[in-house]
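Structure file run_5.txt; described as compact mmCIF, C-alpha atoms.
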# COMPACT_ATOMS: atom_id res chain seq x y z
CA MET A 1 22.38 24.42 -21.13
CA THR A 2 21.63 20.78 -20.74
CA ALA A 3 22.45 18.94 -23.95
CA LEU A 4 19.36 17.31 -25.38
CA ARG A 5 20.02 13.63 -24.90
CA PRO A 6 18.74 11.30 -27.64
CA THR A 7 15.18 10.04 -27.49
CA ARG A 8 14.53 6.32 -27.77
CA SER A 9 13.21 5.55 -31.24
CA PHE A 10 10.05 3.57 -31.86
CA GLU A 11 12.13 0.75 -33.41
CA GLU A 12 14.31 0.47 -30.30
CA VAL A 13 11.28 -0.35 -28.16
CA ARG A 14 10.44 -4.03 -27.73
CA LEU A 15 6.95 -5.32 -27.04
CA GLY A 16 6.96 -6.62 -23.46
CA GLU A 17 10.05 -4.58 -22.61
CA GLN A 18 10.30 -3.60 -18.95
CA LEU A 19 11.06 0.00 -18.08
CA PRO A 20 13.94 0.65 -15.67
CA GLU A 21 12.57 0.65 -12.15
CA LEU A 22 12.25 4.02 -10.42
CA VAL A 23 12.10 4.29 -6.63
CA ILE A 24 10.55 7.47 -5.25
CA GLU A 25 11.37 8.26 -1.62
CA LEU A 26 8.17 9.51 -0.01
CA THR A 27 9.57 12.13 2.32
CA PRO A 28 7.18 14.68 3.85
CA THR A 29 9.00 17.26 1.73
CA ARG A 30 8.20 15.28 -1.43
CA ILE A 31 4.52 14.94 -0.56
CA ILE A 32 4.10 18.57 0.46
CA SER A 33 6.23 20.18 -2.25
CA THR A 34 4.50 18.27 -5.05
CA ALA A 35 1.04 19.12 -3.66
CA ILE A 36 1.91 22.82 -3.46
CA ALA A 37 3.58 22.80 -6.90
CA SER A 38 0.29 21.50 -8.26
CA ARG A 39 -1.52 24.30 -6.36
CA ASP A 40 -3.41 21.73 -4.30
CA TYR A 41 -3.69 23.20 -0.79
CA GLN A 42 -6.08 20.57 0.59
CA ASP A 43 -4.99 20.16 4.21
CA VAL A 44 -4.72 16.35 3.98
CA HIS A 45 -1.68 16.83 1.75
CA HIS A 46 0.32 19.02 4.15
CA ASP A 47 -1.21 19.07 7.67
CA ARG A 48 -0.88 15.84 9.65
CA ASP A 49 -3.20 16.92 12.49
CA LEU A 50 -6.04 17.72 10.13
CA ALA A 51 -5.33 14.64 7.97
CA GLN A 52 -5.67 12.47 11.09
CA LYS A 53 -8.87 14.21 12.17
CA LYS A 54 -10.28 13.26 8.77
CA GLY A 55 -9.52 9.59 9.33
CA SER A 56 -6.17 9.34 7.60
CA LYS A 57 -3.06 7.90 9.25
CA ASP A 58 -0.91 10.80 8.01
CA ILE A 59 -0.71 13.31 5.17
CA PHE A 60 -0.74 11.61 1.78
CA MET A 61 0.30 12.37 -1.80
CA ASN A 62 -2.29 14.03 -4.03
CA ILE A 63 -3.32 12.44 -7.32
CA LEU A 64 -1.86 15.30 -9.39
CA SER A 65 1.60 14.45 -8.07
CA THR A 66 1.16 10.74 -8.73
CA ASN A 67 0.18 11.71 -12.29
CA GLY A 68 3.32 13.83 -12.59
CA LEU A 69 5.54 11.01 -11.31
CA VAL A 70 3.96 8.59 -13.78
CA GLY A 71 4.74 10.99 -16.64
CA ARG A 72 8.29 11.46 -15.41
CA PHE A 73 8.82 7.71 -14.95
CA VAL A 74 7.97 7.09 -18.60
CA THR A 75 9.84 10.05 -20.14
CA ASP A 76 12.94 9.36 -18.00
CA TRP A 77 13.07 6.11 -19.97
CA THR A 78 12.14 7.41 -23.43
CA GLY A 79 14.17 10.60 -23.42
CA PRO A 80 13.03 14.18 -23.94
CA GLU A 81 11.20 14.09 -27.26
CA ALA A 82 8.50 11.54 -26.51
CA LEU A 83 5.05 13.09 -26.75
CA LEU A 84 2.62 12.06 -24.03
CA GLU A 85 -0.85 11.59 -25.49
CA HIS A 86 -2.91 9.94 -22.78
CA VAL A 87 -2.39 9.09 -19.11
CA ALA A 88 -4.96 7.07 -17.18
CA ILE A 89 -4.34 6.19 -13.55
CA ARG A 90 -6.27 4.55 -10.73
CA LEU A 91 -5.14 4.97 -7.14
CA GLY A 92 -5.10 2.21 -4.55
CA VAL A 93 -3.43 2.59 -1.17
CA PRO A 94 -2.17 6.07 -0.22
CA ASN A 95 1.41 7.28 -0.49
CA TYR A 96 2.18 8.16 3.13
CA PRO A 97 5.45 9.79 4.29
CA TYR A 98 8.46 7.66 5.29
CA ASP A 99 7.56 4.97 2.75
CA SER A 100 8.88 4.63 -0.79
CA MET A 101 7.13 3.89 -4.07
CA ARG A 102 8.68 1.47 -6.54
CA MET A 103 7.56 2.20 -10.10
CA THR A 104 7.60 -0.44 -12.82
CA GLY A 105 6.29 -0.50 -16.36
CA VAL A 106 5.86 -2.78 -19.37
CA VAL A 107 5.42 -1.97 -23.07
CA GLU A 108 1.97 -3.36 -23.93
CA SER A 109 1.58 -2.35 -27.57
CA LYS A 110 3.31 -0.52 -30.39
CA GLN A 111 2.22 0.62 -33.82
CA VAL A 112 3.33 3.14 -36.42
CA ALA A 113 1.10 6.21 -36.47
CA GLY A 114 1.95 8.57 -39.34
CA ASP A 115 5.49 9.92 -39.00
CA ARG A 116 5.78 8.74 -35.37
CA GLY A 117 5.40 5.45 -33.56
CA ARG A 118 2.80 5.04 -30.85
CA ILE A 119 3.32 2.83 -27.80
CA VAL A 120 1.25 2.03 -24.73
CA VAL A 121 2.99 1.34 -21.44
CA SER A 122 1.26 -0.14 -18.41
CA ILE A 123 2.62 1.26 -15.17
CA ARG A 124 2.45 0.35 -11.52
CA GLY A 125 3.68 2.06 -8.35
CA GLU A 126 3.91 -0.04 -5.19
CA ASN A 127 4.64 1.01 -1.62
CA ALA A 128 4.82 -0.99 1.61
CA LEU A 129 1.01 -1.13 1.80
CA GLY A 130 0.45 -2.42 -1.74
CA ASP A 131 -0.37 -0.85 -5.10
CA HIS A 132 -0.57 2.92 -4.90
CA VAL A 133 -1.18 3.39 -8.61
CA LYS A 134 -1.89 1.34 -11.69
CA GLY A 135 -2.47 2.75 -15.11
CA THR A 136 -1.51 3.19 -18.72
CA VAL A 137 0.42 5.82 -20.65
CA ARG A 138 0.08 6.29 -24.40
CA LEU A 139 2.83 8.22 -26.11
CA SER A 140 4.53 8.68 -29.44
CA LEU A 141 8.21 8.29 -30.30
CA PRO A 142 10.25 9.31 -33.33
CA LEU A 143 10.80 6.75 -36.07
CA GLN A 144 14.40 5.81 -36.77
CA ASN A 145 14.33 6.85 -40.42
CA ALA A 146 12.84 10.21 -39.51
CA ARG A 147 15.67 11.16 -37.16
CA MET B 1 -36.72 22.41 1.04
CA ALA B 2 -36.20 19.22 3.05
CA SER B 3 -32.84 18.78 4.68
CA PRO B 4 -30.90 15.95 2.99
CA VAL B 5 -29.70 14.81 6.41
CA THR B 6 -33.17 13.51 7.17
CA ARG B 7 -33.57 11.84 3.80
CA ASP B 8 -33.03 8.14 3.58
CA GLN B 9 -30.44 6.53 1.33
CA GLN B 10 -32.84 6.10 -1.56
CA THR B 11 -33.82 9.75 -1.52
CA LEU B 12 -30.18 10.80 -1.44
CA ASP B 13 -29.45 8.49 -4.37
CA GLU B 14 -32.36 9.95 -6.32
CA ALA B 15 -31.26 13.50 -5.61
CA LEU B 16 -27.74 12.67 -6.78
CA GLN B 17 -28.97 11.03 -9.97
CA GLN B 18 -31.15 14.04 -10.67
CA LEU B 19 -28.08 16.28 -10.43
CA VAL B 20 -26.35 14.05 -12.97
CA SER B 21 -29.27 14.23 -15.40
CA GLU B 22 -29.51 18.01 -15.02
CA SER B 23 -25.76 18.58 -15.32
CA ARG B 24 -24.59 20.79 -18.20
CA PRO B 25 -21.04 21.79 -19.10
CA THR B 26 -20.15 24.73 -16.86
CA LEU B 27 -17.40 27.22 -17.57
CA GLY B 28 -14.92 27.77 -14.79
CA PRO B 29 -12.99 31.01 -14.33
CA PRO B 30 -9.94 31.44 -16.55
CA ALA B 31 -6.70 30.31 -14.93
CA ARG B 32 -5.32 32.90 -12.51
CA ASP B 33 -2.03 33.05 -14.40
CA PRO B 34 -1.01 32.00 -17.88
CA VAL B 35 1.24 28.97 -18.23
CA ASN B 36 4.60 30.21 -16.97
CA LEU B 37 8.17 29.06 -16.44
CA PRO B 38 8.39 29.72 -12.65
CA MET B 39 5.45 27.40 -11.93
CA ILE B 40 6.88 24.81 -14.33
CA ARG B 41 10.22 24.98 -12.46
CA HIS B 42 8.52 24.49 -9.07
CA TRP B 43 6.72 21.45 -10.45
CA CYS B 44 9.81 19.93 -12.08
CA ASP B 45 11.88 20.49 -8.92
CA ALA B 46 9.26 18.80 -6.72
CA ILE B 47 8.64 15.89 -9.12
CA GLU B 48 12.38 15.78 -9.97
CA ASP B 49 11.56 15.75 -13.65
CA MET B 50 14.81 16.70 -15.39
CA ASN B 51 13.47 16.76 -18.95
CA PRO B 52 15.11 19.94 -20.34
CA VAL B 53 12.21 20.72 -22.73
CA TYR B 54 10.33 21.94 -19.65
CA THR B 55 12.91 24.28 -18.16
CA ASP B 56 15.91 24.88 -20.42
CA PRO B 57 15.13 27.41 -23.19
CA VAL B 58 18.17 26.49 -25.30
CA ALA B 59 17.64 22.72 -25.15
CA ALA B 60 13.88 23.20 -25.64
CA SER B 61 14.50 25.34 -28.76
CA ALA B 62 16.58 22.55 -30.26
CA SER B 63 13.84 20.00 -29.54
CA ILE B 64 10.73 18.89 -31.39
CA HIS B 65 8.84 21.56 -29.41
CA ALA B 66 11.02 24.45 -30.65
CA GLY B 67 10.69 26.11 -27.24
CA ILE B 68 9.71 25.58 -23.61
CA VAL B 69 6.60 23.48 -22.97
CA ALA B 70 4.81 22.60 -19.75
CA PRO B 71 4.80 18.99 -18.56
CA PRO B 72 1.47 17.68 -19.86
CA THR B 73 0.75 15.90 -16.58
CA MET B 74 0.85 19.33 -14.89
CA LEU B 75 -2.46 20.13 -16.62
CA GLN B 76 -4.64 20.59 -13.55
CA ALA B 77 -2.17 22.88 -11.79
CA TRP B 78 -3.05 25.66 -14.24
CA SER B 79 -6.68 25.78 -13.19
CA MET B 80 -6.45 24.94 -9.48
CA ARG B 81 -7.76 27.67 -7.18
CA GLY B 82 -4.81 27.39 -4.81
CA LEU B 83 -5.15 29.57 -1.73
CA GLU B 84 -6.99 32.29 -3.62
CA ARG B 85 -9.28 34.10 -1.17
CA ARG B 86 -11.27 36.05 -3.78
CA PRO B 87 -14.93 35.28 -3.12
CA PRO B 88 -16.67 33.34 -5.88
CA THR B 89 -19.03 35.29 -8.12
CA ALA B 90 -21.70 34.19 -10.57
CA ALA B 91 -19.01 34.10 -13.24
CA THR B 92 -16.62 32.10 -11.07
CA PRO B 93 -18.56 29.26 -9.47
CA VAL B 94 -16.81 27.98 -6.39
CA ALA B 95 -16.81 24.30 -7.29
CA ARG B 96 -17.69 22.54 -10.46
CA ASN B 97 -19.49 19.78 -8.61
CA ALA B 98 -20.90 21.92 -5.82
CA GLY B 99 -24.22 20.10 -6.18
CA PRO B 100 -23.20 16.57 -5.15
CA THR B 101 -20.55 17.91 -2.78
CA SER B 102 -23.01 19.79 -0.60
CA LEU B 103 -25.61 16.98 -0.70
CA LEU B 104 -23.01 14.39 0.30
CA HIS B 105 -21.49 16.64 2.93
CA ARG B 106 -24.80 17.18 4.66
CA ALA B 107 -25.42 13.42 4.56
CA GLY B 108 -22.17 12.81 6.47
CA TYR B 109 -19.84 11.93 3.60
CA THR B 110 -17.31 14.55 4.59
CA SER B 111 -13.93 13.09 3.62
CA VAL B 112 -12.67 13.02 0.07
CA VAL B 113 -9.96 11.27 -1.93
CA ALA B 114 -9.30 11.24 -5.65
CA THR B 115 -9.34 7.75 -7.13
CA ASP B 116 -9.05 7.99 -10.93
CA CYS B 117 -7.66 10.45 -13.41
CA GLU B 118 -7.66 10.08 -17.16
CA GLN B 119 -6.14 12.82 -19.31
CA GLU B 120 -5.90 13.15 -23.08
CA TYR B 121 -3.45 15.77 -24.33
CA LYS B 122 -4.19 17.37 -27.72
CA ARG B 123 -1.10 19.55 -27.60
CA TYR B 124 1.56 20.59 -25.09
CA LEU B 125 0.91 23.90 -23.35
CA ARG B 126 3.44 26.72 -23.71
CA PRO B 127 4.25 29.74 -21.56
CA GLY B 128 1.63 32.40 -22.28
CA ASP B 129 -1.25 29.98 -22.85
CA LEU B 130 -4.26 30.89 -20.72
CA VAL B 131 -6.37 27.89 -19.81
CA THR B 132 -10.10 27.85 -19.16
CA THR B 133 -12.00 24.78 -18.00
CA GLU B 134 -15.48 23.55 -18.82
CA SER B 135 -16.73 20.83 -16.52
CA GLU B 136 -19.70 18.54 -16.35
CA LEU B 137 -20.88 16.06 -13.74
CA GLU B 138 -20.75 12.75 -15.57
CA SER B 139 -21.90 10.22 -12.99
CA VAL B 140 -22.43 9.47 -9.32
CA SER B 141 -22.29 5.86 -8.10
CA GLY B 142 -24.56 4.28 -5.55
CA GLU B 143 -23.15 3.96 -2.04
CA LYS B 144 -20.07 1.70 -2.09
CA ARG B 145 -18.20 0.01 0.73
CA THR B 146 -14.49 0.83 0.46
CA ALA B 147 -11.39 0.32 2.59
CA LEU B 148 -11.70 3.94 3.71
CA GLY B 149 -15.37 3.80 4.57
CA ASP B 150 -18.77 3.87 2.86
CA GLY B 151 -18.99 6.43 0.13
CA TYR B 152 -19.99 7.67 -3.29
CA PHE B 153 -17.82 7.95 -6.39
CA VAL B 154 -18.35 11.24 -8.24
CA THR B 155 -17.04 11.51 -11.81
CA THR B 156 -16.56 14.78 -13.67
CA LYS B 157 -15.50 15.43 -17.25
CA THR B 158 -13.49 18.56 -17.98
CA SER B 159 -12.38 20.16 -21.22
CA TYR B 160 -9.36 22.46 -21.09
CA ARG B 161 -9.37 25.26 -23.67
CA ASP B 162 -6.70 27.78 -24.55
CA GLN B 163 -7.14 31.52 -25.14
CA THR B 164 -8.43 30.87 -28.68
CA GLY B 165 -11.07 28.40 -27.48
CA GLU B 166 -9.22 25.40 -28.89
CA ILE B 167 -9.49 22.25 -26.74
CA VAL B 168 -5.96 21.41 -25.55
CA ALA B 169 -6.79 18.55 -23.18
CA GLU B 170 -9.67 16.53 -21.82
CA MET B 171 -9.95 14.90 -18.45
CA ARG B 172 -12.16 12.46 -16.61
CA PHE B 173 -11.65 12.71 -12.84
CA ARG B 174 -13.20 10.56 -10.12
CA ILE B 175 -13.31 11.28 -6.42
CA LEU B 176 -14.70 9.33 -3.48
CA TRP B 177 -16.69 11.14 -0.81
CA PHE B 178 -16.77 8.88 2.24
CA LYS B 179 -17.64 8.58 5.92
CA PRO B 180 -14.31 7.79 7.60
CA ARG B 181 -14.37 4.26 9.01
CA LYS B 182 -12.34 5.19 12.04
CA VAL B 183 -10.83 8.43 13.16
CA SER B 184 -7.27 8.07 14.33
CA GLY B 185 -5.44 10.79 16.23
CA SER B 186 -7.10 12.90 18.87

What do you get writing this file as structure tokens?
Amino acid sequence: MTALRPTRSFEEVRLGEQLPELVIELTPTRIISTAIASRDYQDVHHDRDLAQKKGSKDIFMNILSTNGLVGRFVTDWTGPEALLEHVAIRLGVPNYPYDSMRMTGVVESKQVAGDRGRIVVSIRGENALGDHVKGTVRLSLPLQNAR
Amino acid sequence: MASPVTRDQQTLDEALQQLVSESRPTLGPPARDPVNLPMIRHWCDAIEDMNPVYTDPVAASASIHAGIVAPPTMLQAWSMRGLERRPPTAATPVARNAGPTSLLHRAGYTSVVATDCEQEYKRYLRPGDLVTTESELESVSGEKRTALGDGYFVTTKTSYRDQTGEIVAEMRFRILWFKPRKVSGS
């Protein structure tokens, strides 16, 4: 088994703290495998010929995968026992193959909520064309004295 | 019934707004499969999400979840039709926003991209949960000029319920139907 690594506590999180950057290589395999894993078989996510016929330069990542990468980006930082409560994303330029997406995030707010602490992180994913995704993630973390 | 292709912009806009005002929450078919570990593994492999609460039964048991849970951001995967070829029936409508889709299609807005997704998770899903969706057309914009081409933003609101009818997640999802500005490739 994988040992359960510790989860960042609410108290350890600083307002304005920047999350460690995550760079996602946008290989065709990444774009296609994430689309299929989300059961999204729209041709624009796996068939370049058809994507181009529909006016796109190439296949591009589906929004479900972007959503999944946003969740992973945040919980990679918090550790395994953060609870995601709300994810809101807006897409900009597409994630095309052979590019990479650099994900960054900042802690925007934090407050105690019952026996957990709630934080909001703003996130951004940029590729060579500009912002692919901007959004916010609300999640809860354990309190130090409750660990 | 007049063909929407011959209608002018204003008539199309009116028809779209009428669909919004007439929209009622519509039940989709239950998910094809319950939440399950193989699909979670495929997702975590593709996303490269190594959080053990999603895939490692022993680590997950020792966690706050006391067992395997699905990544919350995987929500939509449970209700996607995939490549299912079963023809739609009255009980399994083919598309939750079939109304605006067919109107926009016939008016030449034939390409689609998703632009916004907002999800609220009430609880994490576990293997065995069977998800059913209930969707409603929330709004349709007027025609907008975008980098991709001229198009309409269509927003739907979906509630995800488990096998007991409890709401486990809610989603607002926006797509853009557009006329491609230029067609590259042959």

Tell me which protein, DNA and RNA residues are within 8 Å of B:Leu19, counting all atoms listed in the file, leaving out same-chain ones fewer than 4 positions away, and put them as a PDB file with C-alpha atoms, keeping the file's coordinate frame.
ATOM      1  CA  ALA B  15     -31.260  13.500  -5.610  1.00  0.00           C
ATOM      2  CA  SER B  23     -25.760  18.580 -15.320  1.00  0.00           C
ATOM      3  CA  GLY B  99     -24.220  20.100  -6.180  1.00  0.00           C
ATOM      4  CA  PRO B 100     -23.200  16.570  -5.150  1.00  0.00           C
ATOM      5  CA  LEU B 137     -20.880  16.060 -13.740  1.00  0.00           C
TER       6      LEU B 137
END

Write out as a tab-separated table the residues of chain B that have any atom within 7 Å of an atom of chain A, one row each with the nearest atom pair and its distance in Å to one decimal, counting only C-alpha atoms, sorted by chain and then rising number.
residue	atom	partner	partner_atom	distance
B:His42	CA	A:Ala37	CA	5.7
B:Trp43	CA	A:Ala37	CA	4.9
B:Ala46	CA	A:Thr34	CA	5.1
B:Ile47	CA	A:Leu69	CA	6.2
B:Asp49	CA	A:Arg72	CA	5.7
B:Asn51	CA	A:Pro80	CA	5.6
B:Pro52	CA	A:Thr2	CA	6.6
B:Val53	CA	A:Pro80	CA	6.7
B:Asp56	CA	A:Met1	CA	6.5
B:Val58	CA	A:Met1	CA	6.3
B:Ala59	CA	A:Leu4	CA	5.7
B:Ser63	CA	A:Glu81	CA	6.9
B:Ile64	CA	A:Glu81	CA	6.3
B:Thr73	CA	A:Gly68	CA	5.2
B:Met74	CA	A:Gly68	CA	6.5
B:Ala77	CA	A:Ser38	CA	4.5
B:Met80	CA	A:Arg39	CA	5.9
B:Gly82	CA	A:Arg39	CA	4.8
B:Leu83	CA	A:Tyr41	CA	6.6
B:Ser111	CA	A:Lys54	CA	6.3
B:Ala114	CA	A:Ile63	CA	6.3
B:Thr115	CA	A:Leu91	CA	5.0
B:Asp116	CA	A:Arg90	CA	4.4
B:Cys117	CA	A:Ile89	CA	5.4
B:Glu118	CA	A:Ala88	CA	4.0
B:Gln119	CA	A:Val87	CA	5.3
B:Glu120	CA	A:His86	CA	4.4
B:Tyr121	CA	A:Glu85	CA	5.1
B:Pro180	CA	A:Gly55	CA	5.4
B:Lys182	CA	A:Gly55	CA	5.9
B:Val183	CA	A:Gly55	CA	4.2
B:Ser184	CA	A:Gly55	CA	5.7
B:Gly185	CA	A:Gln52	CA	5.4

Figure out the distance between atom CA of A:Arg124 and atom CA of A:Val106, please, to one decimal in Å.
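Straight-line distance from atom CA of A:Val106 to atom CA of A:Arg124 works out to 9.1 Å.
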
Using only C-alpha atoms, which protein or nucleic acid residues come within 12 Å of stretch 15-19 of chain A? Drop anything in the same chain fewer than 5 positions from it, and give the result as a list in words.
Phe10, Val70, Phe73, Val74, Thr75, Asp76, Trp77, Thr78, Arg102, Met103, Thr104, Gly105, Val106, Val107, Glu108, Ser109, Lys110, Gln111, Arg118, Ile119, Val120, Val121, Ser122, Ile123 and Arg124 of chain A

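Atom CA of B:Arg106 lies 12.5 Å from atom CA of B:Gln9.
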
Residues within 7 Å of B:Gln163, all atoms listed in the file, excluding chain neighbours under 6 positions, as a list in words:
Asp129, Leu130 and Val131 of chain B

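Between atom CA of B:Glu136 and atom CA of B:Lys157 there is a distance of 5.3 Å.
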
Using only C-alpha atoms, can you tell me which of A:Leu141, A:Ile59, A:Asp43, A:Ala128 comes closest to A:Pro6?
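Distance minimum relative to A:Pro6 lands on A:Leu141.
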
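The residue that comes closest to B:Val20, out of B:Leu176, B:Ile167, B:Glu138, B:Val69 and on the basis of only C-alpha atoms, is B:Glu138.
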
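Restricting the calculation to all atoms listed in the file, the smallest distance between A:Glu25 and any of A:His45, A:Asp99, A:Ser9, A:His132 is found for A:Asp99.
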
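The smallest atom-to-atom distance between B:Leu16 and any of B:Glu48, B:Glu143, B:Glu84, B:Asp33, using only C-alpha atoms, is found for B:Glu143.
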